[in-house]
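Asker: The file below is start_18.tsv, TSV, N, CA and C atoms:
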chain	number	residue	atom	x	y	z
A	1	MET	N	-52.64	-0.62	-48.51
A	1	MET	CA	-51.32	-0.23	-48.95
A	1	MET	C	-51.21	1.29	-48.89
A	2	THR	N	-50.07	1.74	-48.44
A	2	THR	CA	-49.78	3.17	-48.43
A	2	THR	C	-48.52	3.42	-49.25
A	3	VAL	N	-48.60	4.35	-50.16
A	3	VAL	CA	-47.42	4.77	-50.92
A	3	VAL	C	-47.04	6.16	-50.43
A	4	ILE	N	-45.87	6.28	-49.88
A	4	ILE	CA	-45.39	7.56	-49.36
A	4	ILE	C	-44.60	8.23	-50.48
A	5	ARG	N	-45.11	9.33	-50.95
A	5	ARG	CA	-44.53	9.99	-52.13
A	5	ARG	C	-43.60	11.16	-51.77
A	6	GLU	N	-43.68	11.62	-50.54
A	6	GLU	CA	-42.83	12.74	-50.14
A	6	GLU	C	-42.10	12.41	-48.86
A	7	SER	N	-40.81	12.65	-48.87
A	7	SER	CA	-40.00	12.44	-47.67
A	7	SER	C	-39.91	13.77	-46.92
A	8	ARG	N	-39.44	13.68	-45.70
A	8	ARG	CA	-39.29	14.88	-44.87
A	8	ARG	C	-37.82	14.98	-44.47
A	9	ARG	N	-37.22	16.13	-44.65
A	9	ARG	CA	-35.79	16.34	-44.40
A	9	ARG	C	-35.59	17.16	-43.12
A	10	THR	N	-34.72	16.67	-42.25
A	10	THR	CA	-34.39	17.37	-41.01
A	10	THR	C	-32.87	17.53	-40.95
A	11	GLU	N	-32.41	18.77	-40.81
A	11	GLU	CA	-30.98	19.03	-40.70
A	11	GLU	C	-30.62	19.36	-39.26
A	12	THR	N	-29.55	18.75	-38.78
A	12	THR	CA	-29.01	19.06	-37.46
A	12	THR	C	-27.56	19.51	-37.67
A	13	PRO	N	-26.88	19.96	-36.63
A	13	PRO	CA	-25.48	20.38	-36.81
A	13	PRO	C	-24.56	19.25	-37.26
A	14	ASN	N	-24.93	17.99	-37.03
A	14	ASN	CA	-24.03	16.89	-37.35
A	14	ASN	C	-24.54	15.94	-38.44
A	15	ALA	N	-25.80	16.07	-38.88
A	15	ALA	CA	-26.31	15.13	-39.88
A	15	ALA	C	-27.57	15.67	-40.54
A	16	VAL	N	-27.93	15.02	-41.64
A	16	VAL	CA	-29.20	15.28	-42.31
A	16	VAL	C	-29.98	13.97	-42.27
A	17	MET	N	-31.20	14.01	-41.74
A	17	MET	CA	-32.06	12.86	-41.69
A	17	MET	C	-33.22	13.07	-42.66
A	18	THR	N	-33.47	12.09	-43.51
A	18	THR	CA	-34.58	12.14	-44.44
A	18	THR	C	-35.55	11.04	-44.05
A	19	THR	N	-36.73	11.42	-43.59
A	19	THR	CA	-37.73	10.46	-43.15
A	19	THR	C	-38.38	9.83	-44.37
A	20	LEU	N	-38.33	8.51	-44.44
A	20	LEU	CA	-38.89	7.78	-45.56
A	20	LEU	C	-40.24	7.16	-45.21
A	21	ALA	N	-40.43	6.78	-43.95
A	21	ALA	CA	-41.71	6.25	-43.46
A	21	ALA	C	-41.80	6.55	-41.98
A	22	SER	N	-42.99	6.90	-41.53
A	22	SER	CA	-43.21	7.19	-40.12
A	22	SER	C	-44.70	7.15	-39.83
A	23	PRO	N	-45.07	7.13	-38.55
A	23	PRO	CA	-46.50	7.10	-38.21
A	23	PRO	C	-47.31	8.25	-38.82
A	24	THR	N	-46.71	9.42	-38.98
A	24	THR	CA	-47.46	10.55	-39.54
A	24	THR	C	-47.47	10.58	-41.07
A	25	GLN	N	-46.80	9.62	-41.68
A	25	GLN	CA	-46.74	9.58	-43.14
A	25	GLN	C	-47.54	8.41	-43.71
A	26	GLY	N	-48.56	7.98	-43.03
A	26	GLY	CA	-49.38	6.91	-43.57
A	26	GLY	C	-49.65	5.77	-42.63
A	27	GLY	N	-49.43	5.96	-41.35
A	27	GLY	CA	-49.82	4.96	-40.37
A	27	GLY	C	-48.84	3.84	-40.14
A	28	SER	N	-47.61	3.97	-40.61
A	28	SER	CA	-46.62	2.93	-40.38
A	28	SER	C	-46.31	2.80	-38.90
A	29	GLN	N	-46.17	1.56	-38.44
A	29	GLN	CA	-45.75	1.35	-37.05
A	29	GLN	C	-44.24	1.39	-36.92
A	30	GLN	N	-43.56	1.56	-38.05
A	30	GLN	CA	-42.11	1.66	-38.07
A	30	GLN	C	-41.72	3.05	-38.57
A	31	ALA	N	-40.57	3.49	-38.14
A	31	ALA	CA	-39.98	4.71	-38.68
A	31	ALA	C	-38.73	4.29	-39.45
A	32	VAL	N	-38.59	4.80	-40.66
A	32	VAL	CA	-37.43	4.51	-41.49
A	32	VAL	C	-36.87	5.85	-41.96
A	33	TRP	N	-35.58	6.05	-41.75
A	33	TRP	CA	-34.98	7.30	-42.19
A	33	TRP	C	-33.57	7.06	-42.72
A	34	ARG	N	-33.14	7.99	-43.55
A	34	ARG	CA	-31.79	7.98	-44.12
A	34	ARG	C	-30.96	9.00	-43.36
A	35	VAL	N	-29.76	8.63	-42.97
A	35	VAL	CA	-28.85	9.53	-42.27
A	35	VAL	C	-27.65	9.80	-43.17
A	36	GLU	N	-27.33	11.08	-43.33
A	36	GLU	CA	-26.15	11.47	-44.09
A	36	GLU	C	-25.27	12.33	-43.17
A	37	MET	N	-24.02	11.92	-43.03
A	37	MET	CA	-23.07	12.66	-42.21
A	37	MET	C	-21.84	12.97	-43.05
A	38	VAL	N	-21.38	14.21	-43.00
A	38	VAL	CA	-20.18	14.61	-43.73
A	38	VAL	C	-18.96	13.99	-43.05
A	39	PRO	N	-17.84	13.90	-43.76
A	39	PRO	CA	-16.64	13.33	-43.18
A	39	PRO	C	-16.28	13.97	-41.82
A	40	GLY	N	-16.05	13.10	-40.84
A	40	GLY	CA	-15.64	13.55	-39.51
A	40	GLY	C	-16.74	14.06	-38.61
A	41	ALA	N	-17.98	14.11	-39.08
A	41	ALA	CA	-19.09	14.59	-38.24
A	41	ALA	C	-19.29	13.64	-37.06
A	42	VAL	N	-19.66	14.22	-35.92
A	42	VAL	CA	-19.86	13.45	-34.70
A	42	VAL	C	-21.22	13.79	-34.11
A	43	GLY	N	-22.03	12.78	-33.88
A	43	GLY	CA	-23.34	12.99	-33.26
A	43	GLY	C	-23.24	13.12	-31.76
A	44	PRO	N	-24.31	13.56	-31.11
A	44	PRO	CA	-24.30	13.70	-29.65
A	44	PRO	C	-24.38	12.35	-28.95
A	45	VAL	N	-23.94	12.32	-27.71
A	45	VAL	CA	-24.14	11.14	-26.87
A	45	VAL	C	-25.60	11.15	-26.45
A	46	HIS	N	-26.30	10.03	-26.67
A	46	HIS	CA	-27.72	9.95	-26.37
A	46	HIS	C	-28.13	8.48	-26.27
A	47	ALA	N	-29.39	8.23	-25.97
A	47	ALA	CA	-29.93	6.87	-25.93
A	47	ALA	C	-31.34	6.88	-26.49
A	48	PHE	N	-31.72	5.79	-27.14
A	48	PHE	CA	-33.08	5.58	-27.60
A	48	PHE	C	-33.72	4.51	-26.73
A	49	ASP	N	-35.02	4.60	-26.54
A	49	ASP	CA	-35.70	3.63	-25.68
A	49	ASP	C	-36.14	2.37	-26.44
A	50	THR	N	-35.77	2.25	-27.70
A	50	THR	CA	-36.06	1.06	-28.50
A	50	THR	C	-34.82	0.66	-29.29
A	51	GLU	N	-34.81	-0.55	-29.76
A	51	GLU	CA	-33.74	-1.02	-30.62
A	51	GLU	C	-33.80	-0.30	-31.97
A	52	GLN	N	-32.63	-0.08	-32.56
A	52	GLN	CA	-32.53	0.49	-33.91
A	52	GLN	C	-31.66	-0.43	-34.76
A	53	VAL	N	-31.95	-0.45	-36.06
A	53	VAL	CA	-31.13	-1.19	-37.01
A	53	VAL	C	-30.60	-0.20	-38.03
A	54	TRP	N	-29.28	-0.13	-38.17
A	54	TRP	CA	-28.60	0.77	-39.10
A	54	TRP	C	-27.92	-0.08	-40.17
A	55	THR	N	-28.17	0.24	-41.44
A	55	THR	CA	-27.45	-0.37	-42.55
A	55	THR	C	-26.66	0.73	-43.25
A	56	ILE	N	-25.35	0.55	-43.31
A	56	ILE	CA	-24.48	1.54	-43.92
A	56	ILE	C	-24.54	1.37	-45.45
A	57	LEU	N	-24.97	2.42	-46.13
A	57	LEU	CA	-25.08	2.39	-47.59
A	57	LEU	C	-23.80	2.86	-48.27
A	58	ASP	N	-23.10	3.80	-47.63
A	58	ASP	CA	-21.89	4.36	-48.20
A	58	ASP	C	-21.02	4.90	-47.08
A	59	GLY	N	-19.71	4.90	-47.30
A	59	GLY	CA	-18.80	5.41	-46.29
A	59	GLY	C	-18.69	4.46	-45.11
A	60	GLY	N	-18.55	5.03	-43.95
A	60	GLY	CA	-18.40	4.21	-42.75
A	60	GLY	C	-18.59	5.04	-41.50
A	61	ALA	N	-18.64	4.35	-40.38
A	61	ALA	CA	-18.83	5.03	-39.10
A	61	ALA	C	-18.18	4.25	-37.98
A	62	GLU	N	-17.84	4.98	-36.96
A	62	GLU	CA	-17.39	4.40	-35.70
A	62	GLU	C	-18.54	4.63	-34.73
A	63	ILE	N	-19.06	3.58	-34.16
A	63	ILE	CA	-20.21	3.68	-33.27
A	63	ILE	C	-19.80	3.22	-31.89
A	64	THR	N	-20.04	4.07	-30.92
A	64	THR	CA	-19.77	3.73	-29.52
A	64	THR	C	-21.10	3.43	-28.86
A	65	LEU	N	-21.21	2.24	-28.29
A	65	LEU	CA	-22.44	1.80	-27.62
A	65	LEU	C	-22.07	1.31	-26.23
A	66	ASP	N	-22.50	2.06	-25.21
A	66	ASP	CA	-22.16	1.75	-23.81
A	66	ASP	C	-20.66	1.50	-23.63
A	67	GLY	N	-19.86	2.36	-24.26
A	67	GLY	CA	-18.41	2.31	-24.10
A	67	GLY	C	-17.68	1.36	-25.04
A	68	VAL	N	-18.41	0.53	-25.79
A	68	VAL	CA	-17.79	-0.39	-26.74
A	68	VAL	C	-17.79	0.26	-28.11
A	69	VAL	N	-16.63	0.31	-28.75
A	69	VAL	CA	-16.48	0.96	-30.05
A	69	VAL	C	-16.40	-0.09	-31.15
A	70	GLU	N	-17.22	0.08	-32.17
A	70	GLU	CA	-17.20	-0.80	-33.36
A	70	GLU	C	-17.17	0.08	-34.60
A	71	SER	N	-16.49	-0.41	-35.62
A	71	SER	CA	-16.50	0.26	-36.91
A	71	SER	C	-17.42	-0.51	-37.84
A	72	ALA	N	-18.15	0.21	-38.69
A	72	ALA	CA	-19.03	-0.42	-39.67
A	72	ALA	C	-18.84	0.30	-41.00
A	73	GLY	N	-18.84	-0.47	-42.07
A	73	GLY	CA	-18.65	0.10	-43.38
A	73	GLY	C	-19.76	-0.26	-44.34
A	74	LYS	N	-19.61	0.18	-45.56
A	74	LYS	CA	-20.60	-0.02	-46.61
A	74	LYS	C	-21.05	-1.48	-46.67
A	75	GLY	N	-22.38	-1.66	-46.64
A	75	GLY	CA	-22.96	-3.00	-46.73
A	75	GLY	C	-23.13	-3.71	-45.40
A	76	GLU	N	-22.63	-3.12	-44.33
A	76	GLU	CA	-22.75	-3.77	-43.02
A	76	GLU	C	-23.96	-3.20	-42.26
A	77	THR	N	-24.53	-4.04	-41.41
A	77	THR	CA	-25.69	-3.66	-40.61
A	77	THR	C	-25.34	-3.76	-39.14
A	78	VAL	N	-25.74	-2.74	-38.38
A	78	VAL	CA	-25.47	-2.67	-36.95
A	78	VAL	C	-26.80	-2.62	-36.21
A	79	VAL	N	-26.95	-3.46	-35.20
A	79	VAL	CA	-28.15	-3.45	-34.36
A	79	VAL	C	-27.76	-2.78	-33.05
A	80	LEU	N	-28.42	-1.66	-32.74
A	80	LEU	CA	-28.14	-0.92	-31.51
A	80	LEU	C	-29.24	-1.21	-30.50
A	81	SER	N	-28.86	-1.73	-29.37
A	81	SER	CA	-29.84	-2.11	-28.35
A	81	SER	C	-30.48	-0.88	-27.71
A	82	ALA	N	-31.65	-1.11	-27.17
A	82	ALA	CA	-32.40	-0.05	-26.49
A	82	ALA	C	-31.69	0.38	-25.21
A	83	ASP	N	-31.87	1.63	-24.86
A	83	ASP	CA	-31.41	2.20	-23.58
A	83	ASP	C	-29.90	2.12	-23.37
A	84	ALA	N	-29.15	2.10	-24.46
A	84	ALA	CA	-27.70	2.10	-24.36
A	84	ALA	C	-27.18	3.46	-24.84
A	85	ARG	N	-26.26	4.03	-24.09
A	85	ARG	CA	-25.67	5.31	-24.51
A	85	ARG	C	-24.89	5.08	-25.79
A	86	ARG	N	-25.12	5.97	-26.77
A	86	ARG	CA	-24.49	5.79	-28.07
A	86	ARG	C	-23.98	7.10	-28.64
A	87	GLN	N	-23.02	6.95	-29.54
A	87	GLN	CA	-22.51	8.09	-30.29
A	87	GLN	C	-22.01	7.57	-31.63
A	88	VAL	N	-22.34	8.29	-32.70
A	88	VAL	CA	-21.93	7.90	-34.05
A	88	VAL	C	-20.95	8.95	-34.57
A	89	ARG	N	-19.84	8.45	-35.11
A	89	ARG	CA	-18.81	9.31	-35.69
A	89	ARG	C	-18.61	8.85	-37.13
A	90	ALA	N	-18.85	9.75	-38.09
A	90	ALA	CA	-18.68	9.41	-39.50
A	90	ALA	C	-17.21	9.27	-39.84
A	91	ASP	N	-16.93	8.40	-40.81
A	91	ASP	CA	-15.57	8.22	-41.29
A	91	ASP	C	-14.95	9.57	-41.66
A	92	ALA	N	-13.70	9.78	-41.27
A	92	ALA	CA	-13.04	11.07	-41.47
A	92	ALA	C	-12.82	11.41	-42.94
A	93	ARG	N	-12.75	10.41	-43.80
A	93	ARG	CA	-12.50	10.67	-45.23
A	93	ARG	C	-13.75	10.57	-46.08
A	94	SER	N	-14.62	9.63	-45.77
A	94	SER	CA	-15.74	9.37	-46.67
A	94	SER	C	-17.11	9.76	-46.13
A	95	GLY	N	-17.19	10.11	-44.85
A	95	GLY	CA	-18.49	10.39	-44.26
A	95	GLY	C	-19.29	9.11	-44.14
A	96	MET	N	-20.62	9.23	-44.05
A	96	MET	CA	-21.45	8.05	-43.89
A	96	MET	C	-22.85	8.33	-44.38
A	97	VAL	N	-23.44	7.33	-45.03
A	97	VAL	CA	-24.85	7.34	-45.40
A	97	VAL	C	-25.43	6.01	-44.92
A	98	ALA	N	-26.54	6.07	-44.20
A	98	ALA	CA	-27.15	4.86	-43.66
A	98	ALA	C	-28.67	4.94	-43.74
A	99	ILE	N	-29.30	3.79	-43.71
A	99	ILE	CA	-30.75	3.68	-43.54
A	99	ILE	C	-30.97	3.13	-42.14
A	100	VAL	N	-31.90	3.75	-41.40
A	100	VAL	CA	-32.17	3.35	-40.03
A	100	VAL	C	-33.64	2.98	-39.91
A	101	CYS	N	-33.91	1.93	-39.14
A	101	CYS	CA	-35.28	1.51	-38.88
A	101	CYS	C	-35.46	1.32	-37.38
A	102	ALA	N	-36.60	1.80	-36.87
A	102	ALA	CA	-36.94	1.66	-35.45
A	102	ALA	C	-38.45	1.72	-35.33
A	103	PRO	N	-39.00	1.25	-34.22
A	103	PRO	CA	-40.45	1.39	-34.02
A	103	PRO	C	-40.85	2.87	-34.06
A	104	GLY	N	-42.03	3.14	-34.58
A	104	GLY	CA	-42.52	4.51	-34.65
A	104	GLY	C	-42.73	5.14	-33.29
A	105	SER	N	-42.73	4.33	-32.25
A	105	SER	CA	-42.90	4.82	-30.88
A	105	SER	C	-41.58	5.22	-30.24
A	106	THR	N	-40.48	5.08	-30.94
A	106	THR	CA	-39.16	5.32	-30.36
A	106	THR	C	-39.00	6.76	-29.87
A	107	ARG	N	-38.36	6.91	-28.74
A	107	ARG	CA	-38.07	8.22	-28.17
A	107	ARG	C	-36.60	8.24	-27.76
A	108	VAL	N	-36.03	9.43	-27.76
A	108	VAL	CA	-34.62	9.60	-27.41
A	108	VAL	C	-34.53	10.37	-26.11
A	109	TYR	N	-33.46	10.13	-25.37
A	109	TYR	CA	-33.23	10.93	-24.18
A	109	TYR	C	-31.75	11.23	-24.06
A	110	ARG	N	-31.49	12.42	-23.56
A	110	ARG	CA	-30.13	12.89	-23.32
A	110	ARG	C	-30.22	14.08	-22.39
A	111	THR	N	-29.09	14.47	-21.86
A	111	THR	CA	-29.09	15.63	-20.98
A	111	THR	C	-29.10	16.89	-21.83
A	112	GLY	N	-29.52	17.97	-21.23
A	112	GLY	CA	-29.53	19.24	-21.94
A	112	GLY	C	-30.92	19.60	-22.44
A	113	ALA	N	-30.99	20.69	-23.15
A	113	ALA	CA	-32.26	21.22	-23.64
A	113	ALA	C	-32.77	20.39	-24.82
A	114	VAL	N	-34.07	20.45	-25.05
A	114	VAL	CA	-34.68	19.79	-26.20
A	114	VAL	C	-34.24	20.55	-27.45
A	115	PRO	N	-33.63	19.85	-28.42
A	115	PRO	CA	-33.18	20.56	-29.63
A	115	PRO	C	-34.36	21.03	-30.47
A	116	ALA	N	-34.10	21.98	-31.35
A	116	ALA	CA	-35.15	22.55	-32.20
A	116	ALA	C	-35.76	21.52	-33.13
A	117	CYS	N	-35.07	20.41	-33.38
A	117	CYS	CA	-35.56	19.39	-34.31
A	117	CYS	C	-36.29	18.26	-33.59
A	118	ALA	N	-36.87	18.55	-32.42
A	118	ALA	CA	-37.56	17.52	-31.64
A	118	ALA	C	-38.66	18.16	-30.80
A	119	THR	N	-39.53	17.29	-30.30
A	119	THR	CA	-40.63	17.72	-29.45
A	119	THR	C	-40.50	17.04	-28.10
A	120	ALA	N	-40.67	17.78	-27.02
A	120	ALA	CA	-40.63	17.19	-25.69
A	120	ALA	C	-41.77	16.20	-25.53
A	121	ASP	N	-41.49	15.06	-24.90
A	121	ASP	CA	-42.49	14.02	-24.65
A	121	ASP	C	-42.20	13.44	-23.27
A	122	GLY	N	-42.65	14.13	-22.24
A	122	GLY	CA	-42.31	13.74	-20.88
A	122	GLY	C	-40.83	13.97	-20.65
A	123	ASP	N	-40.13	12.95	-20.14
A	123	ASP	CA	-38.69	13.09	-19.90
A	123	ASP	C	-37.86	12.66	-21.12
A	124	LYS	N	-38.54	12.40	-22.23
A	124	LYS	CA	-37.86	12.02	-23.47
A	124	LYS	C	-38.25	12.98	-24.57
A	125	ILE	N	-37.65	12.82	-25.74
A	125	ILE	CA	-38.01	13.68	-26.86
A	125	ILE	C	-38.32	12.84	-28.09
A	126	LEU	N	-39.18	13.39	-28.94
A	126	LEU	CA	-39.55	12.75	-30.20
A	126	LEU	C	-38.84	13.51	-31.32
A	127	PRO	N	-37.84	12.90	-31.95
A	127	PRO	CA	-37.15	13.59	-33.05
A	127	PRO	C	-38.08	13.78	-34.25
A	128	ASP	N	-37.92	14.89	-34.96
A	128	ASP	CA	-38.77	15.16	-36.12
A	128	ASP	C	-38.72	14.06	-37.16
A	129	TRP	N	-37.59	13.39	-37.32
A	129	TRP	CA	-37.47	12.38	-38.36
A	129	TRP	C	-38.15	11.07	-37.99
A	130	VAL	N	-38.58	10.91	-36.74
A	130	VAL	CA	-39.30	9.72	-36.31
A	130	VAL	C	-40.81	9.95	-36.34
A	131	ALA	N	-41.23	11.19	-36.08
A	131	ALA	CA	-42.65	11.52	-35.97
A	131	ALA	C	-43.43	11.20	-37.24
Would you mind writing the file's structure down as structure tokens?

Answerer:
Amino acid sequence: MTVIRESRRTETPNAVMTTLASPTQGGSQQAVWRVEMVPGAVGPVHAFDTEQVWTILDGGAEITLDGVVESAGKGETVVLSADARRQVRADARSGMVAIVCAPGSTRVYRTGAVPACATADGDKILPDWVA
């Protein structure tokens, strides 16, 4: 058994991710993190190479996955398939808080430079909140 007593916080221009479990925090094969987005915040268009599960704890979001737009609110869970272009937009009035789970091996890819909150890993990047 591993008890993780300290979380790791990563701030980006569009969200704050708090890592709750990850491979570097006790050998978990899963990464679990909390996402907080202020009202109207919009994440970048990107793709992950593994499936992710998002459960909305508060507020809501509009999620675009390969061109299909869905809204999700408090208490709802969204499963995002691997290798699909995605973008998350927090509710304009309430923002969004969610818990996300993905394999600890998950990597993200997008065009442009590697952001300061990630490490290059071949043609993909490892976000700090997954590591």

Asker: Which neighbours of Trp33 in chain A fall inside 7 Å, counting only C-alpha atoms, when residues of the same chain fewer than 4 positions from it are skipped, and could you give them as a PDB file with N, CA and C atoms, in the frame of the given file?

Answerer:
ATOM      1  N   MET A  17     -31.200  14.010 -41.740  1.00  0.00           N
ATOM      2  CA  MET A  17     -32.060  12.860 -41.690  1.00  0.00           C
ATOM      3  C   MET A  17     -33.220  13.070 -42.660  1.00  0.00           C
ATOM      4  N   THR A  18     -33.470  12.090 -43.510  1.00  0.00           N
ATOM      5  CA  THR A  18     -34.580  12.140 -44.440  1.00  0.00           C
ATOM      6  C   THR A  18     -35.550  11.040 -44.050  1.00  0.00           C
ATOM      7  N   THR A  19     -36.730  11.420 -43.590  1.00  0.00           N
ATOM      8  CA  THR A  19     -37.730  10.460 -43.150  1.00  0.00           C
ATOM      9  C   THR A  19     -38.380   9.830 -44.370  1.00  0.00           C
ATOM     10  N   LEU A  20     -38.330   8.510 -44.440  1.00  0.00           N
ATOM     11  CA  LEU A  20     -38.890   7.780 -45.560  1.00  0.00           C
ATOM     12  C   LEU A  20     -40.240   7.160 -45.210  1.00  0.00           C
ATOM     13  N   ALA A  21     -40.430   6.780 -43.950  1.00  0.00           N
ATOM     14  CA  ALA A  21     -41.710   6.250 -43.460  1.00  0.00           C
ATOM     15  C   ALA A  21     -41.800   6.550 -41.980  1.00  0.00           C
ATOM     16  N   ILE A  99     -29.300   3.790 -43.710  1.00  0.00           N
ATOM     17  CA  ILE A  99     -30.750   3.680 -43.540  1.00  0.00           C
ATOM     18  C   ILE A  99     -30.970   3.130 -42.140  1.00  0.00           C
ATOM     19  N   VAL A 100     -31.900   3.750 -41.400  1.00  0.00           N
ATOM     20  CA  VAL A 100     -32.170   3.350 -40.030  1.00  0.00           C
ATOM     21  C   VAL A 100     -33.640   2.980 -39.910  1.00  0.00           C
ATOM     22  N   CYS A 101     -33.910   1.930 -39.140  1.00  0.00           N
ATOM     23  CA  CYS A 101     -35.280   1.510 -38.880  1.00  0.00           C
ATOM     24  C   CYS A 101     -35.460   1.320 -37.380  1.00  0.00           C
ATOM     25  N   TRP A 129     -37.590  13.390 -37.320  1.00  0.00           N
ATOM     26  CA  TRP A 129     -37.470  12.380 -38.360  1.00  0.00           C
ATOM     27  C   TRP A 129     -38.150  11.070 -37.990  1.00  0.00           C
TER      28      TRP A 129
END

Asker: Could you tell me which of A:Leu126, A:Cys117, A:Ala47, A:Val16 comes closest to Arg86 in chain A if we count all atoms listed in the file?

Answerer: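 Comparing A:Leu126, A:Cys117, A:Ala47, A:Val16 against Arg86 in chain A, the winner is A:Ala47.
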
Asker: Skipping near chain neighbours, those fewer than 6 positions away, what residues fall within 7 Å of Ala41 in chain A using all atoms listed in the file, listed as a PDB file with N, CA and C atoms, keeping the file's coordinate frame?

Answerer:
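selection-v9.pdb, freshly written:
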ATOM      1  N   ASN A  14     -24.930  17.990 -37.030  1.00  0.00           N
ATOM      2  CA  ASN A  14     -24.030  16.890 -37.350  1.00  0.00           C
ATOM      3  C   ASN A  14     -24.540  15.940 -38.440  1.00  0.00           C
ATOM      4  N   ALA A  15     -25.800  16.070 -38.880  1.00  0.00           N
ATOM      5  CA  ALA A  15     -26.310  15.130 -39.880  1.00  0.00           C
ATOM      6  C   ALA A  15     -27.570  15.670 -40.540  1.00  0.00           C
ATOM      7  N   VAL A  88     -22.340   8.290 -32.700  1.00  0.00           N
ATOM      8  CA  VAL A  88     -21.930   7.900 -34.050  1.00  0.00           C
ATOM      9  C   VAL A  88     -20.950   8.950 -34.570  1.00  0.00           C
ATOM     10  N   ARG A  89     -19.840   8.450 -35.110  1.00  0.00           N
ATOM     11  CA  ARG A  89     -18.810   9.310 -35.690  1.00  0.00           C
ATOM     12  C   ARG A  89     -18.610   8.850 -37.130  1.00  0.00           C
ATOM     13  N   ALA A  90     -18.850   9.750 -38.090  1.00  0.00           N
ATOM     14  CA  ALA A  90     -18.680   9.410 -39.500  1.00  0.00           C
ATOM     15  C   ALA A  90     -17.210   9.270 -39.840  1.00  0.00           C
ATOM     16  N   ASP A  91     -16.930   8.400 -40.810  1.00  0.00           N
ATOM     17  CA  ASP A  91     -15.570   8.220 -41.290  1.00  0.00           C
ATOM     18  C   ASP A  91     -14.950   9.570 -41.660  1.00  0.00           C
ATOM     19  N   ALA A  92     -13.700   9.780 -41.270  1.00  0.00           N
ATOM     20  CA  ALA A  92     -13.040  11.070 -41.470  1.00  0.00           C
ATOM     21  C   ALA A  92     -12.820  11.410 -42.940  1.00  0.00           C
ATOM     22  N   GLY A  95     -17.190  10.110 -44.850  1.00  0.00           N
ATOM     23  CA  GLY A  95     -18.490  10.390 -44.260  1.00  0.00           C
ATOM     24  C   GLY A  95     -19.290   9.110 -44.140  1.00  0.00           C
TER      25      GLY A  95
END

Asker: Would you return as a VMD selection string the members of chain A that DSSP assigns to strand (DSSP E or B) on this structure's backbone?

Answerer: chain A and resid 8 to 11 16 to 21 30 to 37 42 46 to 48 52 to 65 68 to 73 77 to 80 86 to 91 95 to 103 108 to 109 118 to 121 124 to 127

Asker: Give me the residues near Ala131 in chain A as number ranges by chain, where near means some atom within 6.5 Å (using only N, CA and C atoms) and where sequence neighbours in that chain fewer than 3 positions away do not count.

Answerer: A: 22-25, 126-128

Asker: Rounded to one decimal in Å, what is the spacing between CA of Ala82 in chain A and CA of Asp49 in chain A?

Answerer: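 Those two atoms sit 5.0 Å apart.
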
Asker: Tell me which of A:Pro44, A:Gly73, A:Gly60, A:Pro115 sits closest to Gln87 in chain A, counting only N, CA and C atoms.

Answerer: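 So, comparing all the options, the nearest one is A:Pro44.
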
Asker: From the options A:Leu65, A:Val79, A:Val45, A:Ile4, which residue's atoms come nearest to Arg110 in chain A, counting only C-alpha atoms?

Answerer: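 Counting only C-alpha atoms, the residue closest to Arg110 in chain A is A:Val45.
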
Asker: May I ask which of the residues A:Ser7, A:Gln30, A:Thr12, A:Thr55 is the closest one to Gly104 in chain A, counting only N, CA and C atoms?

Answerer: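 The closest residue to Gly104 in chain A is A:Gln30.
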
Asker: To one decimal place, how far is CA of Val78 in chain A from CA of Gly122 in chain A in Å?

Answerer: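 Answer for the CA of Val78 in chain A to CA of Gly122 in chain A separation: 28.5 Å.
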
Asker: Which is closest to Ala102 in chain A among A:Glu6, A:Val53, A:Val38, A:Asp66, if we use all atoms listed in the file?

Answerer: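 With all atoms listed in the file as the atom set, the closest residue is A:Val53.
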
Asker: Return as lines of an AutoDock Vina configuration file the box centre and box size in Å, one decimal, for an axis-aligned box around all listed atoms of range 24-31 of chain A padded by 3 Å per side.

Answerer:
center_x = -44.3
center_y = 6.0
center_z = -40.3
size_x = 17.1
size_y = 15.2
size_z = 12.8

Asker: Can you work out the spacing between CA of Ala98 in chain A and CA of Ala116 in chain A in Å, to one decimal?

Answerer: 22.5 Å
